[in-house]
>>> print(open('structure-v3.tsv').read())   # TSV, C-alpha atoms and all ligand atoms
chain	number	residue	atom	x	y	z
A	1	MET	CA	-5.82	15.41	24.85
A	2	ASP	CA	-6.18	11.63	24.67
A	3	ASP	CA	-3.30	9.34	23.66
A	4	ILE	CA	-4.77	8.49	20.25
A	5	VAL	CA	-4.89	12.18	19.26
A	6	LYS	CA	-1.41	12.79	20.73
A	7	ASN	CA	-0.01	9.92	18.62
A	8	LEU	CA	-1.71	11.28	15.52
A	9	LEU	CA	-0.10	14.68	16.08
A	10	LEU	CA	3.40	13.37	16.79
A	11	ARG	CA	3.68	10.38	14.46
A	12	ASN	CA	5.79	12.10	11.77
A	13	ALA	CA	7.35	14.86	13.86
A	14	PRO	CA	10.94	15.69	12.84
A	15	SER	CA	12.26	14.47	16.20
A	16	ALA	CA	11.06	10.96	15.25
A	17	GLN	CA	13.59	10.90	12.40
A	18	ALA	CA	16.35	8.31	12.45
A	19	GLU	CA	19.97	9.31	11.79
A	20	GLN	CA	20.39	10.74	8.27
A	21	PRO	CA	21.78	8.23	5.76
A	22	SER	CA	24.62	9.34	3.49
A	23	GLN	CA	24.17	10.39	-0.15
A	24	THR	CA	25.96	7.18	-1.18
A	25	GLU	CA	23.51	5.03	0.80
A	26	VAL	CA	20.46	6.82	-0.68
A	27	GLU	CA	21.72	6.48	-4.23
A	28	ALA	CA	22.46	2.77	-3.63
A	29	ALA	CA	18.88	2.32	-2.39
A	30	VAL	CA	17.50	3.92	-5.58
A	31	ARG	CA	19.72	1.64	-7.70
A	32	THR	CA	18.23	-1.32	-5.80
A	33	LEU	CA	14.69	-0.09	-6.56
A	34	LEU	CA	15.59	0.30	-10.23
A	35	ARG	CA	16.79	-3.30	-10.29
A	36	TRP	CA	13.64	-4.33	-8.39
A	37	VAL	CA	11.39	-2.95	-11.16
A	38	GLY	CA	13.44	-4.75	-13.81
A	39	GLU	CA	15.77	-1.94	-14.93
A	40	ASN	CA	19.49	-1.76	-15.52
A	41	PRO	CA	20.71	1.13	-13.32
A	42	ASP	CA	23.88	1.38	-15.43
A	43	ARG	CA	22.16	2.20	-18.72
A	44	GLU	CA	22.82	5.74	-19.91
A	45	GLY	CA	19.37	7.22	-19.27
A	46	LEU	CA	19.45	6.12	-15.63
A	47	MET	CA	23.00	7.12	-14.72
A	48	GLN	CA	21.93	10.34	-12.99
A	49	THR	CA	18.60	9.00	-11.73
A	50	PRO	CA	19.67	7.99	-8.20
A	51	GLU	CA	21.12	11.47	-7.66
A	52	ARG	CA	17.96	13.12	-9.06
A	53	VAL	CA	15.67	10.96	-6.94
A	54	ALA	CA	17.64	11.79	-3.79
A	55	LYS	CA	17.33	15.50	-4.63
A	56	ALA	CA	13.61	15.20	-5.42
A	57	TYR	CA	12.96	13.38	-2.14
A	58	LYS	CA	14.73	16.16	-0.22
A	59	GLU	CA	12.39	18.65	-1.87
A	60	MET	CA	9.17	16.64	-1.61
A	61	PHE	CA	9.81	15.78	2.05
A	62	ARG	CA	11.27	19.06	3.24
A	63	GLY	CA	8.46	19.32	5.80
A	64	TYR	CA	10.64	17.25	8.15
A	65	THR	CA	13.09	20.15	8.39
A	66	GLN	CA	10.43	22.81	8.95
A	67	ASP	CA	8.59	23.96	12.04
A	68	ALA	CA	4.98	25.15	11.72
A	69	SER	CA	5.11	27.15	14.95
A	70	GLU	CA	7.96	29.26	13.52
A	71	GLU	CA	5.86	30.12	10.45
A	72	LEU	CA	2.95	31.10	12.65
A	73	GLY	CA	5.13	33.05	15.08
A	74	ARG	CA	4.83	36.38	13.27
A	75	VAL	CA	1.39	37.71	14.18
A	76	PHE	CA	-0.46	40.95	13.58
A	77	GLU	CA	-2.98	42.64	15.80
A	78	GLU	CA	-6.45	42.35	14.28
A	79	VAL	CA	-6.77	44.55	11.23
A	80	ALA	CA	-9.16	47.55	11.54
A	81	GLY	CA	-11.23	45.92	14.25
A	82	TYR	CA	-11.95	42.83	12.14
A	83	ASN	CA	-12.99	40.16	14.54
A	84	ASP	CA	-14.59	37.38	12.53
A	85	ILE	CA	-13.78	34.20	10.63
A	86	VAL	CA	-10.76	34.14	8.33
A	87	LEU	CA	-11.19	31.35	5.78
A	88	MET	CA	-8.67	30.30	3.17
A	89	ASN	CA	-10.14	27.99	0.55
A	90	ASP	CA	-8.60	25.62	-1.97
A	91	ILE	CA	-5.01	25.51	-0.75
A	92	SER	CA	-3.62	22.93	-3.14
A	93	PHE	CA	-1.07	20.44	-1.84
A	94	HIS	CA	0.85	17.31	-2.77
A	95	SER	CA	1.67	14.78	-0.12
A	96	HIS	CA	2.64	11.09	0.02
A	97	CYS	CA	0.82	8.34	1.86
A	98	GLU	CA	2.78	6.61	4.57
A	99	HIS	CA	1.55	3.19	3.45
A	100	HIS	CA	2.77	3.14	-0.15
A	101	MET	CA	4.80	6.37	-0.50
A	102	VAL	CA	2.77	7.46	-3.53
A	103	PRO	CA	1.10	10.85	-3.97
A	104	ILE	CA	-1.94	12.24	-2.23
A	105	ILE	CA	-3.18	15.23	-4.23
A	106	GLY	CA	-5.72	17.56	-2.74
A	107	LYS	CA	-6.95	20.83	-1.39
A	108	ALA	CA	-7.10	22.11	2.15
A	109	HIS	CA	-9.62	24.64	3.42
A	110	VAL	CA	-8.52	26.33	6.64
A	111	ALA	CA	-10.54	28.72	8.80
A	112	TYR	CA	-9.93	30.29	12.16
A	113	LEU	CA	-11.76	32.73	14.40
A	114	PRO	CA	-9.11	35.16	15.72
A	115	ASP	CA	-8.78	36.08	19.35
A	116	GLY	CA	-6.81	39.32	19.07
A	117	LYS	CA	-4.19	38.03	16.63
A	118	VAL	CA	-4.07	37.17	12.95
A	119	VAL	CA	-1.29	35.76	10.77
A	120	GLY	CA	-0.24	36.55	7.22
A	121	LEU	CA	-2.37	34.51	4.83
A	122	SER	CA	0.65	32.90	3.18
A	123	LYS	CA	1.63	31.41	6.56
A	124	ILE	CA	-1.53	29.30	6.58
A	125	ALA	CA	-0.61	27.87	3.17
A	126	ARG	CA	2.97	27.30	4.41
A	127	VAL	CA	1.68	25.32	7.37
A	128	VAL	CA	-0.36	23.13	5.01
A	129	ASP	CA	2.80	22.43	2.99
A	130	ILE	CA	4.93	21.70	6.07
A	131	PHE	CA	2.62	18.85	7.03
A	132	ALA	CA	1.90	17.78	3.44
A	133	GLN	CA	5.61	17.39	2.75
A	134	ARG	CA	5.93	14.45	5.12
A	135	LEU	CA	4.69	10.87	4.87
A	136	GLN	CA	1.05	11.16	5.83
A	137	THR	CA	-2.36	9.82	6.40
A	138	GLN	CA	-5.05	12.33	5.51
A	139	GLU	CA	-6.52	12.12	9.01
A	140	ALA	CA	-3.18	12.91	10.70
A	141	MET	CA	-2.44	15.78	8.32
A	142	THR	CA	-5.85	17.36	9.01
A	143	ALA	CA	-5.39	17.11	12.78
A	144	GLN	CA	-1.79	18.38	12.64
A	145	ILE	CA	-2.69	21.53	10.68
A	146	ALA	CA	-5.53	22.35	13.09
A	147	ASP	CA	-3.38	21.67	16.15
A	148	ALA	CA	-0.46	23.80	14.90
A	149	ILE	CA	-2.73	26.81	14.33
A	150	GLN	CA	-4.67	26.31	17.57
A	151	SER	CA	-1.61	25.87	19.79
A	152	THR	CA	0.48	28.68	18.27
A	153	LEU	CA	-2.00	31.40	17.34
A	154	LYS	CA	-4.51	30.51	20.06
A	155	PRO	CA	-7.60	31.62	18.13
A	156	ARG	CA	-11.14	31.02	19.40
A	157	GLY	CA	-11.41	28.08	17.00
A	158	VAL	CA	-9.94	26.40	13.95
A	159	ALA	CA	-11.65	24.37	11.21
A	160	VAL	CA	-9.65	22.34	8.71
A	161	VAL	CA	-11.27	20.42	5.86
A	162	ILE	CA	-9.19	18.39	3.42
A	163	GLU	CA	-10.36	16.82	0.18
A	164	ALA	CA	-7.86	14.59	-1.55
A	165	GLU	CA	-7.34	11.84	-4.06
A	166	HIS	CA	-5.03	9.01	-3.02
A	167	MET	CA	-2.94	7.68	-5.89
A	168	CYS	CA	-2.49	4.40	-4.01
A	169	MET	CA	-6.18	3.84	-4.68
A	170	ALA	CA	-5.99	4.99	-8.32
A	171	MET	CA	-2.67	3.65	-9.68
A	172	ARG	CA	-2.65	0.30	-7.90
A	173	GLY	CA	-4.68	-1.89	-5.58
A	174	ILE	CA	-8.41	-1.17	-5.91
A	175	ARG	CA	-7.76	1.19	-8.89
A	176	LYS	CA	-10.61	3.65	-8.41
A	177	GLN	CA	-9.99	6.84	-10.38
A	178	GLY	CA	-11.33	10.19	-9.23
A	179	SER	CA	-12.74	9.24	-5.84
A	180	THR	CA	-11.94	11.80	-3.17
A	181	THR	CA	-11.75	11.51	0.59
A	182	THR	CA	-12.89	14.33	2.87
A	183	THR	CA	-11.64	14.80	6.44
A	184	CYS	CA	-12.30	17.57	8.95
A	185	THR	CA	-11.00	18.70	12.31
A	186	TYR	CA	-12.59	21.37	14.49
A	187	THR	CA	-11.08	22.96	17.59
A	188	GLY	CA	-12.36	25.49	20.13
A	189	ILE	CA	-15.67	27.14	19.37
A	190	PHE	CA	-16.08	25.27	16.07
A	191	LYS	CA	-16.02	22.03	18.04
A	192	THR	CA	-18.22	23.08	20.96
A	193	ASP	CA	-20.75	25.39	19.29
A	194	ARG	CA	-22.92	23.79	16.62
A	195	ASP	CA	-24.05	27.20	15.24
A	196	GLU	CA	-20.45	28.35	14.78
A	197	GLN	CA	-19.59	25.05	13.12
A	198	THR	CA	-22.55	25.44	10.75
A	199	ARG	CA	-21.51	29.04	10.01
A	200	VAL	CA	-17.95	28.13	9.09
A	201	MET	CA	-19.11	25.16	7.00
A	202	SER	CA	-21.63	27.25	5.10
A	203	LEU	CA	-18.91	29.84	4.34
A	204	LEU	CA	-16.75	27.01	3.09
A	205	ASN	CA	-19.53	25.50	0.99
A	206	ALA	CA	-20.49	28.91	-0.42
A	207	LYS	CA	-17.14	29.03	-2.15
A	208	ARG	CA	-17.56	25.68	-3.90
B	1	LIG	N1	-7.30	5.90	6.72
B	1	LIG	C1	-6.44	6.12	5.72
B	1	LIG	N2	-6.10	5.09	4.93
B	1	LIG	C2	-5.25	5.33	3.92
B	1	LIG	C3	-4.71	6.59	3.66
B	1	LIG	N3	-3.88	6.48	2.58
B	1	LIG	C4	-3.95	5.19	2.20
B	1	LIG	N4	-4.76	4.48	3.00
B	1	LIG	C5	-5.16	3.07	3.01
B	1	LIG	O1	-4.25	2.33	3.77
B	1	LIG	C6	-4.59	0.96	3.59
B	1	LIG	C7	-3.39	0.08	3.72
B	1	LIG	O2	-3.94	-1.23	3.70
B	1	LIG	P1	-3.11	-2.60	3.65
B	1	LIG	O3	-4.09	-3.72	3.52
B	1	LIG	O4	-2.14	-2.63	4.80
B	1	LIG	O5	-2.22	-2.42	2.34
B	1	LIG	P2	-2.54	-2.90	0.86
B	1	LIG	O6	-2.57	-4.39	0.80
B	1	LIG	O7	-1.54	-2.23	-0.03
B	1	LIG	O8	-4.01	-2.35	0.64
B	1	LIG	P3	-4.83	-2.07	-0.72
B	1	LIG	O9	-4.63	-0.62	-1.06
B	1	LIG	O10	-6.25	-2.38	-0.37
B	1	LIG	O11	-4.27	-2.98	-1.80
B	1	LIG	C8	-5.30	0.91	2.25
B	1	LIG	O12	-6.65	0.57	2.48
B	1	LIG	C9	-5.19	2.35	1.72
B	1	LIG	O13	-6.31	2.72	0.93
B	1	LIG	C10	-5.09	7.65	4.52
B	1	LIG	O14	-4.66	8.80	4.40
B	1	LIG	N5	-5.95	7.37	5.53
B	2	ZN	ZN	-1.27	4.54	0.16
>>> encode(input="structure-v3.tsv", output="structure tokens")
Amino acid sequence: MDDIVKNLLLRNAPSAQAEQPSQTEVEAAVRTLLRWVGENPDREGLMQTPERVAKAYKEMFRGYTQDASEELGRVFEEVAGYNDIVLMNDISFHSHCEHHMVPIIGKAHVAYLPDGKVVGLSKIARVVDIFAQRLQTQEAMTAQIADAIQSTLKPRGVAVVIEAEHMCMAMRGIRKQGSTTTTCTYTGIFKTDRDEQTRVMSLLNAKR
């Protein structure tokens, strides 16, 4: 694995976290932001806002406290001799871009070709959320989901396609509404075998 890919996979790993600030510090930071946008943090409607924002951030960024390999640890032997592609389409997610900390809203499509082991379908969706609920770039998130499944489940191949709209391009800056970005990562046989890559992509497109 080259250094660029390694950096992409590790950039927002939980171990990279700095020491946790206190509740008081977080609430003070939100009060500062309120003043920054021109608000009075002491007016009645905003009294509880710093506390609510701190709580919402904990929820929206809980991916930093979760480990994808744990979710994928519970495997089943292949069901009734099934030995072909498992594809989960349209896994909706909300993330936040690491540049502006505003939402990325999209769908992930995740496929793998088992090699003796399968996981519960919900675990795939959980893995998507674990990486979505961190500060992200779409490219890193796509690679991280594929890598987590490949390195834990060790299937013959993984394909991850993500389509998303970046609110930093809609609500500010260039202000383009409704444009979506598509990214894909292939591992194993989906990377090395063009026919297998075509097969998984046509399954994915058939659903859309
Ligand atoms: N490659 C990539 N870029 C992203 C993603 N999310 C946001 N960006 C882009 O990150 C870039 C940051 O560019 P900068 O020039 O440093 O910041 P900026 O001045 O706020 O940029 P503008 O959005 O063009 O106003 C922008 O072009 C965003 O569109 C992502 O997931 N992947
Ligand atoms: Zn952004």
>>> residues_around(input="structure-v3.tsv", residues="Asn7 in chain A", least_positions_apart="6", cutoff="12 Å", atoms="all atoms listed in the file", output="PyMOL selection string")
chain A and resi 1+13+16+139-140+143-144
>>> residues_around(input="structure-v3.tsv", residues="Thr65 in chain A", least_positions_apart="5", cutoff="10 Å", atoms="only C-alpha atoms", output="list in words")
Ala13, Pro14, Ser15, Lys58, Ile130, Gln133 and Arg134 of chain A
>>> closest_residue(input="structure-v3.tsv", among="A:Glu98, A:Glu51, A:Asp147, A:Asp193", to="ligand ZN 2 (chain B)", atoms="all atoms listed in the file")
A:Glu98
>>> closest_residue(input="structure-v3.tsv", among="A:Ser95, A:Thr142, A:Ser22, A:Thr187", to="Lys154 in chain A", atoms="only C-alpha atoms")
A:Thr187
>>> residues_near_ligand(input="structure-v3.tsv", ligand="ligand ZN 2 (chain B)", cutoff="10 Å", atoms="only C-alpha atoms and all ligand atoms", output="ChimeraX atom specification")
/A:96-104,135-137,166-173
>>> write_last_selection(input="structure-v3.tsv", atoms="C-alpha atoms", output="tab-separated table (two decimals), in the coordinates of the input")
chain	number	residue	atom	x	y	z
A	96	HIS	CA	2.64	11.09	0.02
A	97	CYS	CA	0.82	8.34	1.86
A	98	GLU	CA	2.78	6.61	4.57
A	99	HIS	CA	1.55	3.19	3.45
A	100	HIS	CA	2.77	3.14	-0.15
A	101	MET	CA	4.80	6.37	-0.50
A	102	VAL	CA	2.77	7.46	-3.53
A	103	PRO	CA	1.10	10.85	-3.97
A	104	ILE	CA	-1.94	12.24	-2.23
A	135	LEU	CA	4.69	10.87	4.87
A	136	GLN	CA	1.05	11.16	5.83
A	137	THR	CA	-2.36	9.82	6.40
A	166	HIS	CA	-5.03	9.01	-3.02
A	167	MET	CA	-2.94	7.68	-5.89
A	168	CYS	CA	-2.49	4.40	-4.01
A	169	MET	CA	-6.18	3.84	-4.68
A	170	ALA	CA	-5.99	4.99	-8.32
A	171	MET	CA	-2.67	3.65	-9.68
A	172	ARG	CA	-2.65	0.30	-7.90
A	173	GLY	CA	-4.68	-1.89	-5.58
>>> closest_residue(input="structure-v3.tsv", among="A:Ile162, A:Leu113, A:Val127, A:Ala148", to="ligand LIG 1 (chain B)", atoms="all atoms listed in the file")
A:Ile162
>>> closest_residue(input="structure-v3.tsv", among="A:Gly38, A:Val110, A:Leu8, A:Glu59", to="ligand LIG 1 (chain B)", atoms="only C-alpha atoms and all ligand atoms")
A:Leu8
>>> residues_around(input="structure-v3.tsv", residues="range 66-73 of chain A", least_positions_apart="6", cutoff="9 Å", atoms="all atoms listed in the file", output="PyMOL selection string")
chain A and resi 14+119-120+123-124+126-128+130-131+145+148-149+151-153
>>> atom_distance(input="structure-v3.tsv", atom1="CA of Leu9 in chain A", atom2="CA of Val161 in chain A")
16.2 Å
>>> atom_distance(input="structure-v3.tsv", atom1="CA of Cys184 in chain A", atom2="CA of Val160 in chain A")
5.5 Å
>>> residues_around(input="structure-v3.tsv", residues="Thr24 in chain A", least_positions_apart="5", cutoff="10 Å", atoms="all atoms listed in the file", output="list in words")
Ala29, Pro50, Glu51 and Ala54 of chain A
>>> atom_distance(input="structure-v3.tsv", atom1="CA of Ala111 in chain A", atom2="CA of Thr183 in chain A")
14.2 Å
>>> closest_residue(input="structure-v3.tsv", among="A:His94, A:Lys191, A:Arg175, A:Arg199", to="ligand LIG 1 (chain B)", atoms="all atoms listed in the file")
A:Arg175
>>> residues_around(input="structure-v3.tsv", residues="Asn205 in chain A", least_positions_apart="3", cutoff="12 Å", atoms="all atoms listed in the file", output="ChimeraX atom specification")
/A:87,89-90,109,161,198-202,208
>>> build_atoms(input="structure-v3.tsv", residues="range 57-83 of chain A", atoms="N, CA and C atoms", output="compact mmCIF listing (two decimals), keeping the file's coordinate frame")
# COMPACT_ATOMS: atom_id res chain seq x y z
N TYR A 57 13.50 13.77 -3.45
CA TYR A 57 12.96 13.38 -2.14
C TYR A 57 13.23 14.46 -1.10
N LYS A 58 14.42 15.06 -1.15
CA LYS A 58 14.73 16.16 -0.22
C LYS A 58 13.69 17.26 -0.37
N GLU A 59 13.35 17.57 -1.62
CA GLU A 59 12.39 18.65 -1.87
C GLU A 59 10.97 18.24 -1.46
N MET A 60 10.56 17.05 -1.87
CA MET A 60 9.17 16.64 -1.61
C MET A 60 8.91 16.37 -0.14
N PHE A 61 9.98 16.08 0.62
CA PHE A 61 9.81 15.78 2.05
C PHE A 61 10.49 16.82 2.93
N ARG A 62 10.57 18.06 2.45
CA ARG A 62 11.27 19.06 3.24
C ARG A 62 10.49 19.46 4.50
N GLY A 63 9.24 19.02 4.59
CA GLY A 63 8.46 19.32 5.80
C GLY A 63 9.12 18.81 7.07
N TYR A 64 9.97 17.78 6.95
CA TYR A 64 10.64 17.25 8.15
C TYR A 64 11.66 18.23 8.72
N THR A 65 12.09 19.19 7.90
CA THR A 65 13.09 20.15 8.39
C THR A 65 12.43 21.48 8.77
N GLN A 66 11.11 21.54 8.71
CA GLN A 66 10.43 22.81 8.95
C GLN A 66 9.52 22.74 10.18
N ASP A 67 9.34 23.89 10.79
CA ASP A 67 8.59 23.96 12.04
C ASP A 67 7.39 24.91 11.86
N ALA A 68 6.19 24.35 11.96
CA ALA A 68 4.98 25.15 11.72
C ALA A 68 4.85 26.30 12.72
N SER A 69 5.29 26.08 13.95
CA SER A 69 5.11 27.15 14.95
C SER A 69 5.99 28.36 14.61
N GLU A 70 7.12 28.12 13.95
CA GLU A 70 7.96 29.26 13.52
C GLU A 70 7.23 30.09 12.47
N GLU A 71 6.60 29.40 11.51
CA GLU A 71 5.86 30.12 10.45
C GLU A 71 4.73 30.95 11.03
N LEU A 72 4.12 30.42 12.08
CA LEU A 72 2.95 31.10 12.65
C LEU A 72 3.35 32.08 13.75
N GLY A 73 4.66 32.22 13.97
CA GLY A 73 5.13 33.05 15.08
C GLY A 73 4.95 34.54 14.85
N ARG A 74 4.93 34.95 13.58
CA ARG A 74 4.83 36.38 13.27
C ARG A 74 3.35 36.76 13.15
N VAL A 75 2.83 37.40 14.17
CA VAL A 75 1.39 37.71 14.18
C VAL A 75 1.16 39.21 14.08
N PHE A 76 -0.04 39.55 13.64
CA PHE A 76 -0.46 40.95 13.58
C PHE A 76 -1.66 41.13 14.50
N GLU A 77 -1.76 42.34 15.07
CA GLU A 77 -2.98 42.64 15.80
C GLU A 77 -4.11 42.66 14.78
N GLU A 78 -5.33 42.40 15.23
CA GLU A 78 -6.45 42.35 14.28
C GLU A 78 -6.53 43.63 13.46
N VAL A 79 -6.80 43.43 12.17
CA VAL A 79 -6.77 44.55 11.23
C VAL A 79 -8.09 45.33 11.28
N ALA A 80 -8.01 46.63 11.57
CA ALA A 80 -9.16 47.55 11.54
C ALA A 80 -10.37 46.99 12.27
N GLY A 81 -10.12 46.41 13.43
CA GLY A 81 -11.23 45.92 14.25
C GLY A 81 -11.91 44.68 13.71
N TYR A 82 -11.33 44.04 12.68
CA TYR A 82 -11.95 42.83 12.14
C TYR A 82 -11.84 41.71 13.17
N ASN A 83 -12.94 41.09 13.42
CA ASN A 83 -12.99 40.16 14.54
C ASN A 83 -13.82 38.92 14.19
